[in-house]
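Source file: start30.cif (mmCIF, C-alpha atoms)
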data_target
loop_
_atom_site.label_atom_id
_atom_site.label_comp_id
_atom_site.auth_asym_id
_atom_site.auth_seq_id
_atom_site.Cartn_x
_atom_site.Cartn_y
_atom_site.Cartn_z
CA MET A 1 -2.01 -4.86 -3.14
CA SER A 2 -0.77 -8.39 -2.99
CA TYR A 3 -3.62 -10.74 -3.74
CA ASP A 4 -2.68 -14.26 -4.58
CA GLY A 5 -5.10 -17.03 -3.81
CA ASP A 6 -2.29 -19.56 -4.03
CA ARG A 7 -0.41 -18.04 -1.11
CA HIS A 8 -1.32 -18.75 2.48
CA ASP A 9 -2.50 -15.45 3.90
CA GLU A 10 -2.84 -15.17 7.65
CA TYR A 11 -6.30 -14.20 8.88
CA ARG A 12 -7.27 -13.15 12.38
CA GLY A 13 -10.97 -12.96 13.14
CA GLY A 14 -11.82 -13.16 9.44
CA LEU A 15 -9.54 -10.22 8.59
CA ARG A 16 -6.49 -10.49 6.38
CA LYS A 17 -3.49 -8.98 8.18
CA VAL A 18 -1.75 -6.55 5.82
CA ALA A 19 1.40 -4.43 6.02
CA ARG A 20 1.71 -1.43 3.69
CA VAL A 21 4.59 0.97 3.06
CA VAL A 22 4.46 4.75 2.75
CA LEU A 23 7.78 4.93 0.93
CA LEU A 24 9.41 8.35 0.59
CA ASP A 25 12.41 9.24 -1.53
CA PRO A 26 14.95 12.01 -0.71
CA GLU A 27 12.63 14.56 -2.39
CA GLU A 28 9.75 13.42 -0.13
CA ARG A 29 7.84 11.90 -3.03
CA ILE A 30 5.70 8.84 -2.25
CA LEU A 31 5.79 5.67 -4.34
CA LEU A 32 2.40 4.37 -5.44
CA LEU A 33 1.50 1.36 -7.53
CA HIS A 34 -1.09 1.58 -10.31
CA GLY A 35 -3.57 -1.25 -10.03
CA HIS A 36 -6.70 -2.36 -11.82
CA GLU A 37 -9.17 -5.20 -11.96
CA PRO A 38 -7.45 -8.11 -13.75
CA ASP A 39 -10.08 -8.23 -16.52
CA ASP A 40 -10.86 -4.49 -16.66
CA PRO A 41 -7.85 -2.12 -16.89
CA ALA A 42 -10.27 0.85 -16.99
CA ASP A 43 -11.31 0.07 -13.38
CA ASP A 44 -8.11 1.41 -11.86
CA TRP A 45 -6.62 3.07 -8.77
CA TRP A 46 -3.32 3.95 -7.07
CA PHE A 47 -2.18 2.40 -3.81
CA THR A 48 0.79 1.95 -1.52
CA PRO A 49 2.99 -1.16 -1.84
CA GLY A 50 2.24 -3.94 0.60
CA GLY A 51 0.27 -7.08 1.16
CA GLY A 52 -0.72 -9.93 3.41
CA LEU A 53 1.43 -11.58 6.03
CA GLU A 54 2.73 -15.04 5.19
CA GLY A 55 3.23 -17.79 7.74
CA ASP A 56 4.56 -16.46 11.04
CA GLU A 57 6.25 -13.33 9.67
CA THR A 58 5.83 -10.03 11.50
CA ARG A 59 4.16 -7.05 9.89
CA GLU A 60 7.59 -5.41 9.58
CA GLN A 61 8.95 -8.46 7.74
CA ALA A 62 5.88 -8.53 5.48
CA ALA A 63 6.25 -4.82 4.69
CA LEU A 64 9.86 -5.24 3.61
CA ARG A 65 9.20 -8.48 1.67
CA GLU A 66 6.20 -7.04 -0.17
CA LEU A 67 8.11 -3.85 -0.99
CA ALA A 68 10.97 -5.87 -2.46
CA GLU A 69 8.61 -8.14 -4.46
CA GLU A 70 6.44 -5.33 -5.82
CA THR A 71 9.09 -2.66 -6.44
CA GLY A 72 12.54 -4.26 -6.27
CA ILE A 73 13.46 -1.67 -3.63
CA THR A 74 15.46 -3.23 -0.80
CA GLU A 75 17.53 -0.28 0.47
CA VAL A 76 14.95 0.91 2.96
CA GLU A 77 14.90 2.46 6.40
CA LEU A 78 11.62 1.21 7.89
CA GLY A 79 10.08 3.63 10.36
CA PRO A 80 7.05 3.62 12.64
CA VAL A 81 3.45 2.67 11.90
CA LEU A 82 1.69 5.85 10.75
CA TRP A 83 -1.86 4.64 10.27
CA ARG A 84 -4.11 1.65 10.78
CA ARG A 85 -7.17 0.99 8.64
CA MET A 86 -9.87 -1.62 8.28
CA CYS A 87 -11.19 -1.99 4.75
CA SER A 88 -13.37 -4.23 2.64
CA PHE A 89 -13.50 -4.24 -1.14
CA PRO A 90 -14.23 -6.46 -4.13
CA PHE A 91 -11.26 -7.51 -6.24
CA ALA A 92 -10.71 -10.33 -8.75
CA GLY A 93 -14.08 -11.92 -8.08
CA ARG A 94 -14.03 -11.99 -4.28
CA ARG A 95 -14.34 -9.71 -1.27
CA TRP A 96 -11.25 -8.78 0.73
CA ASP A 97 -11.57 -7.81 4.41
CA GLN A 98 -8.30 -6.36 5.66
CA ASP A 99 -6.63 -4.96 8.77
CA GLU A 100 -3.91 -2.72 7.26
CA TRP A 101 -0.94 -1.13 9.01
CA TYR A 102 0.92 1.61 7.12
CA TYR A 103 4.65 1.90 7.84
CA LEU A 104 6.70 4.99 7.07
CA ALA A 105 9.86 4.13 5.15
CA ARG A 106 12.58 6.08 3.41
CA THR A 107 14.89 5.14 0.56
CA THR A 108 17.40 6.66 -1.81
CA GLN A 109 16.71 3.85 -4.32
CA THR A 110 14.18 5.31 -6.79
CA VAL A 111 14.39 2.87 -9.71
CA THR A 112 11.67 0.23 -9.46
CA ALA A 113 11.53 -3.29 -10.88
CA ALA A 114 8.54 -5.44 -10.04
CA ALA A 115 10.32 -8.78 -10.36
CA GLY A 116 8.52 -10.67 -7.60
CA LEU A 117 4.89 -10.24 -8.61
CA THR A 118 2.44 -13.09 -8.30
CA ASP A 119 0.41 -14.13 -11.34
CA LEU A 120 -2.59 -12.11 -10.15
CA GLU A 121 -0.39 -9.07 -9.49
CA ARG A 122 1.10 -9.34 -13.00
CA ARG A 123 -2.45 -9.20 -14.36
CA SER A 124 -3.52 -6.28 -12.15
CA VAL A 125 -0.53 -3.98 -11.51
CA ALA A 126 0.22 -1.61 -14.38
CA GLY A 127 3.29 0.08 -12.93
CA ALA A 128 4.64 2.41 -10.27
CA ARG A 129 5.11 6.16 -9.98
CA TRP A 130 6.68 8.60 -7.53
CA TRP A 131 4.21 11.37 -6.58
CA THR A 132 4.77 14.69 -4.86
CA CYS A 133 2.25 15.60 -2.19
CA GLN A 134 1.05 18.43 -4.45
CA GLU A 135 0.50 16.02 -7.35
CA LEU A 136 -1.53 13.76 -5.05
CA THR A 137 -3.60 16.72 -3.86
CA GLU A 138 -4.42 17.66 -7.46
CA ALA A 139 -4.96 14.09 -8.73
CA HIS A 140 -8.31 13.08 -10.19
CA GLU A 141 -7.44 9.37 -10.01
CA THR A 142 -8.71 7.08 -7.28
CA VAL A 143 -6.09 6.70 -4.54
CA TYR A 144 -6.13 4.43 -1.47
CA PRO A 145 -6.25 5.03 1.36
CA THR A 146 -8.76 7.82 0.87
CA ARG A 147 -7.33 11.18 2.04
CA LEU A 148 -3.76 9.99 1.34
CA ALA A 149 -2.66 13.47 0.18
CA GLU A 150 -3.92 15.06 3.41
CA LEU A 151 -2.44 12.30 5.57
CA LEU A 152 0.93 12.52 3.83
CA ARG A 153 1.00 16.34 4.10
CA ARG A 154 0.51 16.03 7.88
CA VAL A 155 3.39 13.53 8.15
CA LEU A 156 5.67 15.74 6.05
CA ASP A 157 4.77 18.86 8.07
CA GLU A 158 4.57 17.41 11.58
CA GLY A 159 6.46 14.11 11.44
CA PRO A 160 5.03 10.70 12.30
CA PRO A 161 2.26 10.59 14.93
CA ALA A 162 3.25 9.50 18.45
CA THR A 163 0.90 6.53 18.08
CA PRO A 164 -0.66 5.17 14.87
CA GLU A 165 -3.69 7.12 13.69
CA VAL A 166 -6.74 4.93 13.16
CA LEU A 167 -8.27 5.85 9.80
CA ASP A 168 -11.95 5.58 9.00
CA THR A 169 -13.05 2.11 7.87
CA GLU A 170 -13.41 1.98 4.10
CA ILE A 171 -15.97 -0.31 2.52
CA VAL A 172 -16.11 -0.27 -1.28
#
Please rewrite the model in this file as structure tokens.
Amino acid sequence: MSYDGDRHDEYRGGLRKVARVVLLDPEERILLLHGHEPDDPADDWWFTPGGGLEGDETREQAALRELAEETGITEVELGPVLWRRMCSFPFAGRRWDQDEWYYLARTTQTVTAAAGLTDLERRSVAGARWWTCQELTEAHETVYPTRLAELLRRVLDEGPPATPEVLDTEIV
């Protein structure tokens, strides 16, 4: 989750426009980032790479930029939008209201290097990990979006949906 109060994030109707990446490797593992509250590493969760649009960039451009900044992965085949989700949550002392689009992407590049993190991200992202769908299903950790294991299993079994699936709004 890219949260940097120093960057200009584009809002539409009070919502932060966000592009996220469901990145799969050749073994169909998904890459998730491990985040936590900046001042409380015990308050943690796993999430897909991505963040807010900057300036006049498209969601596709934001997805690729955020992926490169947060993971160092640039060899990516960006696919369709799988899911759309509205969410609202507290983080780093403020509330974030977001309109998130989740893009399917594939890569053969599995080594990560988070070289482009903002100051806030450096204080709140503990690392990255590739997960199998089975590992996600069995995980006891908090993962966003909710139901990610089920959603990913459907994509792996059936392919991307013909049109983006609208996920339930999540308010934390």
Please provide the set of residues having any atom within 9 Å of Gln98 (chain A), restricted to only C-alpha atoms, with same-chain residues fewer than 2 positions apart removed, written as a tab-separated table (two decimals) with C-alpha atoms, keeping the file's coordinate frame.
chain	number	residue	atom	x	y	z
A	11	TYR	CA	-6.30	-14.20	8.88
A	14	GLY	CA	-11.82	-13.16	9.44
A	15	LEU	CA	-9.54	-10.22	8.59
A	16	ARG	CA	-6.49	-10.49	6.38
A	17	LYS	CA	-3.49	-8.98	8.18
A	18	VAL	CA	-1.75	-6.55	5.82
A	52	GLY	CA	-0.72	-9.93	3.41
A	85	ARG	CA	-7.17	0.99	8.64
A	86	MET	CA	-9.87	-1.62	8.28
A	87	CYS	CA	-11.19	-1.99	4.75
A	88	SER	CA	-13.37	-4.23	2.64
A	89	PHE	CA	-13.50	-4.24	-1.14
A	96	TRP	CA	-11.25	-8.78	0.73
A	100	GLU	CA	-3.91	-2.72	7.26
> For Glu165 (chain A), which residue out of A:Phe91, A:Trp101, A:Phe47, A:Trp131 is the nearest one, using all atoms listed in the file?
Replying inline: A:Trp101
> CA of Ala63 (chain A) and CA of Leu104 (chain A) are how many Å apart?
Replying inline: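 Spanning CA of Ala63 (chain A) to CA of Leu104 (chain A) is a straight-line distance of 10.1 Å.
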>> Which residues are close to region 109-126 of chain A, i.e. within 6 Å by only C-alpha atoms, leaving aside same-chain residues fewer than 3 positions away? Reply as a PyMOL selection string.
In response: chain A and resi 4+34-38+69-72
> Where does the PyMOL selection byres ((chain A and resi 137) around 9) land in this file, that is, which residues does it pick, as a ChimeraX atom specification?
Replying inline: /A:132-136,138-140,147-150
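CA of Tyr144 (chain A) sits 16.5 Å away from CA of Leu67 (chain A).
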>> Measuring between all atoms listed in the file, which one of A:Arg94, A:Tyr102, A:Leu32, A:Thr146 shows the shortest distance to Leu82 (chain A)?
In response: A:Tyr102
> In Å, how far is it from CA of Glu77 (chain A) to CA of Val21 (chain A)?
Replying inline: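 Result for CA of Glu77 (chain A) versus CA of Val21 (chain A): 10.9 Å, one decimal.
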Any chance you could work out the axis-aligned box around region 81-85 of chain A, listed atoms only, 8 Å on each side, giving centre and edge lengths in Å to one decimal, as lines of an AutoDock Vina configuration file?
center_x = -1.9
center_y = 3.4
center_z = 10.3
size_x = 26.6
size_y = 20.9
size_z = 19.3
> For Thr74 (chain A), which residue out of A:Thr142, A:Leu152, A:Glu158, A:Ala105 is the nearest one, using all atoms listed in the file?
Replying inline: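 Ranking A:Thr142, A:Leu152, A:Glu158, A:Ala105 by distance to Thr74 (chain A), first place goes to A:Ala105.
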> Looking at A:Ala162, A:Leu33, A:Leu167, A:Leu78, which one is nearest to Arg65 (chain A), with distances taken over only C-alpha atoms?
Replying inline: A:Leu78
> Nearest to Pro41 (chain A): which of A:Arg153, A:Glu66, A:Ala92, A:Trp130 is it, counting all atoms listed in the file?
Replying inline: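 Result for the nearest residue to Pro41 (chain A): A:Ala92.
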